[in-house]
Structures are given as structure tokens and as C-alpha cells.
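Q: First the structure, which I've put down as C-alpha cells, then a few questions once you've had a look.
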Amino acid sequence: MTDLRITQLDSGLTVATERVPGALSVATGVCVGVGSRDEPDHLSGVSHFLEHLLFKGTDTRSAQELARGVDRRGGDFNAFTSKEYTAHYCRLPARHSAFCIELLGDVLCRPALRDEDVQSERAVILEELAMDDESPDDIAHRRFAASLFTGHSLGRDPAGDREHVQAITADDVRAFFEQHYRANGMVVAAAGPLDHDEMLAGIEQAFTGVRLGGERPQRVAPTTVGAGEAIDDDTEQVHIVMGSRALARRDPRREALDVVNHVFGGGLSSRLFEEIRERRGLAYAVYSGVSAFADAGVFQMYAGTQPEHADEVQGLLHAELDKLVADGVTDEELDIAVGYLTGAFELGLEDTGARMARSGGLLITTGEVRPVDEQVARWAAVDQDAVRAVIADVLTTAPITVTVGPLD
């Protein structure tokens with residue numbers, strides 16, 4: 001058994017502590033409710049830039065001291081930037097929990113953000129962008145997002161682009177930090193075998209320096225959908241991404257869409273996998289997926305295939321989607337999908353890092369943490385009526401397609 005407690009400190013900081021008896025580690029994370037969709041156009045990529053810079057040291061610790069402190073204790077210290085929030089997290093053996101919590105408090109409340117660090121980290125980020133541009137499947141997914149959310153900040157890559165990363169200044173980063181990294185827009189989540197009061201006391205002490213106030217970014221829902229594109233590239237495969245808009249994060253139909261997605265392309269027993277890979281041998285990687293944001297969502301398919309098979313694979317993606325719309329799913333497929341979603345969800349929560357990430361991510365995006373048994377029950381309650389309704393509502397829109405590979 002585990003239990004979760006949520007507390008709001010006097011500073012306005014939200015804290016979630018989950019006691020996990022028998023665990024050997026404590027995982028602590030800080031989620032900040034700002035991501036790439038919330039950046040001004042001229043500062044595209046600044047959230048990701050700031051994420052990098054928080055590893056460069058604090059008022060009292062150098063970057064080397066941060067890294068050595070975590071390595072000496074056998075832990076993990078990392079971060080990511082998404083389209084709607086940014087997260088830093090640390091996981092260490094439970095006997096080092098105090099260090100784990102204190103480290104994050106120092107990094108999130110007292111970062112150095114020195115001019116010289118901005119200059120050196122800019123070069124690192126440009127290398128990261130160059131590395132991403134060496135992956136044609138990544139390019140296809142990025143260009144698909146830009147087409148699906150054309151003219152909207154949800155279409156941006158959270159890492160930014162070369163032009164804007166080159167132009168961002170140290171003052172820009174510091175101003176962004178001062179505006180957004182404040183108590184009212186942050187969640188600290190911890191999971192481990194320690195007592196709730198012990199974890200809460202450590203967090204409250206470590207985050208005494210958090211900046212007060214802060215407001216969640218004002219967001220405007222996307223409207224226009226682009227037309228897709230074919231990008232000529234000298235690659236061994238053609239990378240195909242196809243899809244349409246879907247459901248927002250709080251939409252009550254999301255569980256039904258999860259079920260449909262698993263049947264269609266979400267697992268080894270899915271229709272896309274069996275038809276395109278297993279029966280025809282036309283792709284190694286082929287799948288579908290769903291993503292959700294505050295006010296929009298995505299349903300997409302992907303396949304990578306050799307150029308001579310590209311037209312056939314695109315035709316099969318369309319044909320399988322048409323078949324799903326026309327015929328729905330079978331009772332057996334529904335049963336398999338519900339079993340997979342519920343089982344994989346439960347298995348995925350067996351370590352403290354997953355527990356921490358779930359509570360922190362849900363609190364910063366929805367303001368609440370749905371109990372595990374309630375989430376399982378929502379998938380288990382999906383029936384054929386719900387499946388037919390979500391197919392009609394979401395998947396009857398003509399998909400857009402982006403391809404990356406040889407056009408000949």
C-alpha cells in the first residue's frame with residue numbers, strides 16, 4: 001500500500017509526498033508550470049535553455065559539485081522540458097534523502113545563471129539541436145507537430161531552433177526565471193519509504209528561498225490545421241507521420257481513445273503492427289499514439305519503410321484507419337486493450353521515480369491526482385458504445401501527412 005498527501009505551504013508552494021513502504025530510494029521532483037507553448041515568439045526555446053542552465057551551479061555549488069554530489073551517492077539527477085511544463089528530479093538511496101531534497105531546493109531557488117554559463121551552454125544546446133537533425137524520424141515528428149498546430153506555439157519543438165537559441169541573452173533567461181519560477185506555479189513531489197512529515201519538513205526547509213507569488217501562463221487554444229508536407233532527404237527509409245487533432249487532457253473520452261489507440265497501433269497485438277510488420281514485412285517500426293494538452297490533443301501514426309514501399313505503406317495506414325472508422329473494434333480487441341492499459345499502468349508505478357513523476361505531473365497540469373484505482377476503473381468501464389462514439393468524434397477527420405525521405 002502507498003498513500004499520497006498534498007499540502008500547500010504558506011509560501012504558496014504545493015507539495016505532494018507519497019509514502020512507499022519497503023522502497024529503497026527517495027525520488028524528489030520539481031515541476032514548473034511553464035513550457036515551450038508559453039514562451040514569447042522571440043524567446044522560443046528559453047524554457048529548455050533555462051532547464052540546462054540550472055545544472056551549471058548555484059550560489060554555493062559549482063556544476064562539478066552538483067554532479068559529484070549525486071554520483072558519490074549513486075543517484076540520478078536529470079530534467080526535461082515539455083510543451084506545458086518543465087521538471088527537474090533527483091533519485092537517491094533513501095538514506096540520502098535529505099541531500100536529494102536539499103539539492104533541488106538549492107538548484108530551483110538559488111541558481112547562479114551566470115553570463116559565462118549562458119555562453120557555454122548555448123554551444124551545448126546547438127549541438128543537441130544538430131544531433132536531433134541527424135534523426136529523420138525526429139524531423140518528421142517535429143514537422144508534423146508544426147503542421148498540425150500551424151501558427152501556434154504548440155507546434156514548436158521544446159528545444160527551440162538555432163535562430164532563437166543564438167539570440168537568447170543571459171538577461172532573457174534571468175527574466176524568464178524571475179517571472180515563472182515562483183511558488184504559485186511550482187509543485188514539489190516526493191516518493192519513498194520515509195514518513196510524510198519527515199519528507200514535508202525537509203522540503204519546506206529546502207525551499208525557504210522560493211520566490212513568492214507567480215501566475216500560471218495565459219493560454220489560447222489552437223485553431224488552424226496545416227496541410228502536411230513531403231520533405232526530400234537522402235535517407236535509407238521514408239519516415240511517415242500521419243494524424244489529426246484529438247482530445248484535451250481533461251476530456252472524459254480520453255480513456256476510450258486510449259483503448260482505440262491500443263487496438264489500432266499501440267502494442268504488439270495491434271492492427272498496424274500485425275498488418276504492416278508481421279504479415280507484410282514492410283516496416284520495422286510502426287505504431288500509433290495519442291498526446292494531450294490543456295486545450296488540444298493529437299492522434300498520430302508512424303511508420304519507417306524503404307522508399308520503394310512508401311506509397312504502399314501510406315495506403316495501408318489510410319486503409320486501416322478507414323476500416324477502424326467503418327467497423328469499430330471487436331469485443332476481443334477491446335478486452336485485450338483494457339487489460340494492457342490497466343496492467344501496464346499498475347506495473348509502471350512500482351518504483352518511486354514513477355510515483356513521483358505521476359503526482360508531480362498531474363498536479364502541475366490538472367491540479368489533482370486521480371487515485372490509481374479510479375484510473376484503472378475508468379479504463380475498465382470503456383465499452384463498445386464509448387469506443388464507437390470516440391471513433392466518430394475524433395478519427396473521422398481526414399489526417400494530414402508528413403514524410404521525410406527520398407522523393408523519387
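Convention: chains lettered A, B, ... in C-alpha cells order; per-chain residue numbering from 1; ligands numbered from 1 as shown.
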I want to know what sits within 12 Å of A:Asp327, based on only C-alpha atoms, with residues of the same chain fewer than 4 positions away left out; could you give that as a PyMOL selection string?

A: chain A and resi 319-323+331+384+387-388+391-392

Q: Go through stretch 123-166 of chain A residue by residue and, counting only C-alpha atoms, keep those with an atom at most 6 Å from stretch 14-38 of chain A; for each kept residue give the shortest atom pair and its distance in Å to one decimal, ordered by chain and increasing number, as JSON lines.

A:
{"residue": "A:Ser153", "atom": "CA", "partner": "A:Arg37", "partner_atom": "CA", "distance": 4.6}
{"residue": "A:Leu154", "atom": "CA", "partner": "A:Arg37", "partner_atom": "CA", "distance": 5.2}
{"residue": "A:Pro158", "atom": "CA", "partner": "A:Ser36", "partner_atom": "CA", "distance": 5.0}

Q: Those same residues, written as a PDB file, in the first residue's frame with C-alpha atoms?

A:
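Written out: selection-v5.pdb:
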ATOM      1  CA  SER A 153       3.109  27.677 -30.050  1.00  0.00           C
ATOM      2  CA  LEU A 154       2.039  24.026 -29.513  1.00  0.00           C
ATOM      3  CA  PRO A 158      10.533  22.453 -26.891  1.00  0.00           C
TER       4      PRO A 158
END

Q: Could you give me, as a PyMOL selection string, each residue of stretch 348-391 of chain A that DSSP assigns to alpha helix (DSSP H) when run on this structure's backbone?

A: chain A and resi 352-366+372-380+384-391

Q: Grab the residues selected above and save them as an mmCIF file, in the first residue's frame with N, CA and C atoms.

A:
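See selection-v1.cif below for the written result:
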data_model
loop_
_atom_site.group_PDB
_atom_site.id
_atom_site.type_symbol
_atom_site.label_atom_id
_atom_site.label_comp_id
_atom_site.auth_asym_id
_atom_site.auth_seq_id
_atom_site.Cartn_x
_atom_site.Cartn_y
_atom_site.Cartn_z
ATOM 1 N N THR A 352 9.771 4.426 -7.079
ATOM 2 C CA THR A 352 9.499 5.749 -6.508
ATOM 3 C C THR A 352 9.570 6.851 -7.558
ATOM 4 N N GLY A 353 10.447 6.689 -8.561
ATOM 5 C CA GLY A 353 10.549 7.704 -9.603
ATOM 6 C C GLY A 353 9.262 7.853 -10.382
ATOM 7 N N ALA A 354 8.631 6.730 -10.709
ATOM 8 C CA ALA A 354 7.368 6.777 -11.441
ATOM 9 C C ALA A 354 6.260 7.382 -10.584
ATOM 10 N N ARG A 355 6.239 7.043 -9.306
ATOM 11 C CA ARG A 355 5.235 7.608 -8.410
ATOM 12 C C ARG A 355 5.387 9.125 -8.317
ATOM 13 N N MET A 356 6.617 9.564 -8.116
ATOM 14 C CA MET A 356 6.880 10.993 -8.016
ATOM 15 C C MET A 356 6.500 11.718 -9.302
ATOM 16 N N ALA A 357 6.882 11.161 -10.451
ATOM 17 C CA ALA A 357 6.610 11.812 -11.731
ATOM 18 C C ALA A 357 5.114 11.918 -11.991
ATOM 19 N N ARG A 358 4.363 10.890 -11.615
ATOM 20 C CA ARG A 358 2.917 10.929 -11.839
ATOM 21 C C ARG A 358 2.264 12.010 -10.991
ATOM 22 N N SER A 359 2.543 12.037 -9.692
ATOM 23 C CA SER A 359 1.877 13.016 -8.828
ATOM 24 C C SER A 359 2.293 14.439 -9.190
ATOM 25 N N GLY A 360 3.558 14.665 -9.455
ATOM 26 C CA GLY A 360 4.002 15.999 -9.822
ATOM 27 C C GLY A 360 3.436 16.456 -11.149
ATOM 28 N N GLY A 361 3.470 15.565 -12.149
ATOM 29 C CA GLY A 361 2.953 15.930 -13.464
ATOM 30 C C GLY A 361 1.473 16.209 -13.472
ATOM 31 N N LEU A 362 0.694 15.397 -12.745
ATOM 32 C CA LEU A 362 -0.752 15.615 -12.702
ATOM 33 C C LEU A 362 -1.109 16.884 -11.937
ATOM 34 N N LEU A 363 -0.419 17.144 -10.839
ATOM 35 C CA LEU A 363 -0.732 18.342 -10.067
ATOM 36 C C LEU A 363 -0.419 19.609 -10.847
ATOM 37 N N ILE A 364 0.689 19.635 -11.580
ATOM 38 C CA ILE A 364 1.042 20.859 -12.291
ATOM 39 C C ILE A 364 0.168 21.067 -13.525
ATOM 40 N N THR A 365 -0.403 20.000 -14.085
ATOM 41 C CA THR A 365 -1.213 20.146 -15.297
ATOM 42 C C THR A 365 -2.712 20.151 -15.034
ATOM 43 N N THR A 366 -3.168 19.455 -14.000
ATOM 44 C CA THR A 366 -4.611 19.362 -13.745
ATOM 45 C C THR A 366 -5.021 19.857 -12.367
ATOM 46 N N VAL A 372 -5.128 5.770 -8.161
ATOM 47 C CA VAL A 372 -4.769 4.692 -9.082
ATOM 48 C C VAL A 372 -5.971 3.805 -9.371
ATOM 49 N N ASP A 373 -6.709 3.411 -8.339
ATOM 50 C CA ASP A 373 -7.837 2.505 -8.576
ATOM 51 C C ASP A 373 -8.931 3.183 -9.389
ATOM 52 N N GLU A 374 -9.079 4.499 -9.244
ATOM 53 C CA GLU A 374 -10.078 5.213 -10.044
ATOM 54 C C GLU A 374 -9.671 5.252 -11.515
ATOM 55 N N GLN A 375 -8.369 5.469 -11.766
ATOM 56 C CA GLN A 375 -7.908 5.484 -13.151
ATOM 57 C C GLN A 375 -8.076 4.115 -13.801
ATOM 58 N N VAL A 376 -7.758 3.062 -13.061
ATOM 59 C CA VAL A 376 -7.953 1.707 -13.578
ATOM 60 C C VAL A 376 -9.426 1.468 -13.887
ATOM 61 N N ALA A 377 -10.306 1.913 -13.008
ATOM 62 C CA ALA A 377 -11.742 1.717 -13.209
ATOM 63 C C ALA A 377 -12.242 2.471 -14.448
ATOM 64 N N ARG A 378 -11.669 3.624 -14.750
ATOM 65 C CA ARG A 378 -12.099 4.393 -15.916
ATOM 66 C C ARG A 378 -11.784 3.640 -17.206
ATOM 67 N N TRP A 379 -10.608 3.022 -17.285
ATOM 68 C CA TRP A 379 -10.314 2.199 -18.470
ATOM 69 C C TRP A 379 -11.207 0.960 -18.507
ATOM 70 N N ALA A 380 -11.406 0.330 -17.361
ATOM 71 C CA ALA A 380 -12.220 -0.889 -17.316
ATOM 72 C C ALA A 380 -13.665 -0.620 -17.707
ATOM 73 N N GLN A 384 -18.306 -0.772 -25.837
ATOM 74 C CA GLN A 384 -18.406 -0.579 -27.277
ATOM 75 C C GLN A 384 -19.078 0.750 -27.646
ATOM 76 N N ASP A 385 -20.044 1.170 -26.873
ATOM 77 C CA ASP A 385 -20.695 2.456 -27.157
ATOM 78 C C ASP A 385 -19.692 3.605 -27.056
ATOM 79 N N ALA A 386 -18.859 3.572 -26.016
ATOM 80 C CA ALA A 386 -17.857 4.626 -25.846
ATOM 81 C C ALA A 386 -16.830 4.589 -26.969
ATOM 82 N N VAL A 387 -16.452 3.391 -27.378
ATOM 83 C CA VAL A 387 -15.488 3.239 -28.478
ATOM 84 C C VAL A 387 -16.052 3.800 -29.777
ATOM 85 N N ARG A 388 -17.278 3.417 -30.113
ATOM 86 C CA ARG A 388 -17.884 3.907 -31.359
ATOM 87 C C ARG A 388 -18.021 5.430 -31.346
ATOM 88 N N ALA A 389 -18.365 5.975 -30.191
ATOM 89 C CA ALA A 389 -18.558 7.421 -30.103
ATOM 90 C C ALA A 389 -17.243 8.166 -30.290
ATOM 91 N N VAL A 390 -16.160 7.692 -29.667
ATOM 92 C CA VAL A 390 -14.898 8.424 -29.784
ATOM 93 C C VAL A 390 -14.295 8.268 -31.173
ATOM 94 N N ILE A 391 -14.516 7.128 -31.810
ATOM 95 C CA ILE A 391 -14.063 6.976 -33.197
ATOM 96 C C ILE A 391 -14.770 7.993 -34.085
#

Q: With distances taken over only C-alpha atoms, which of A:Gln119, A:Gln237, A:Asn78, A:Thr224 is nearest to A:Ser135?

A: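 Closest to A:Ser135 of all the choices is A:Gln237.
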
Q: Give me the residues within 7 Å of stretch 171-176 of chain A as a list in words, counting only C-alpha atoms and dropping any in the same chain fewer than 2 places off.

A: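 Residues near the query, excluding close chain neighbours: Val46, Leu50, Leu113, Ile168, Thr169, Glu178, Gln179 and His180 of chain A.
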
Q: Write out as number ranges by chain each polymer residue whose atoms come within 8 Å of A:Arg156, counting only C-alpha atoms; drop sequence neighbours fewer than 4 positions from it.

A: A: 36-37, 44, 142, 145-146, 152, 160

Q: Can you pull out the residues contacting stretch 279-292 of chain A? Cut-off 6 Å, using only C-alpha atoms, and skip same-chain residues under 4 positions away; I want them as a ChimeraX atom specification.

A: /A:248-249,265-266,274-275,297-305
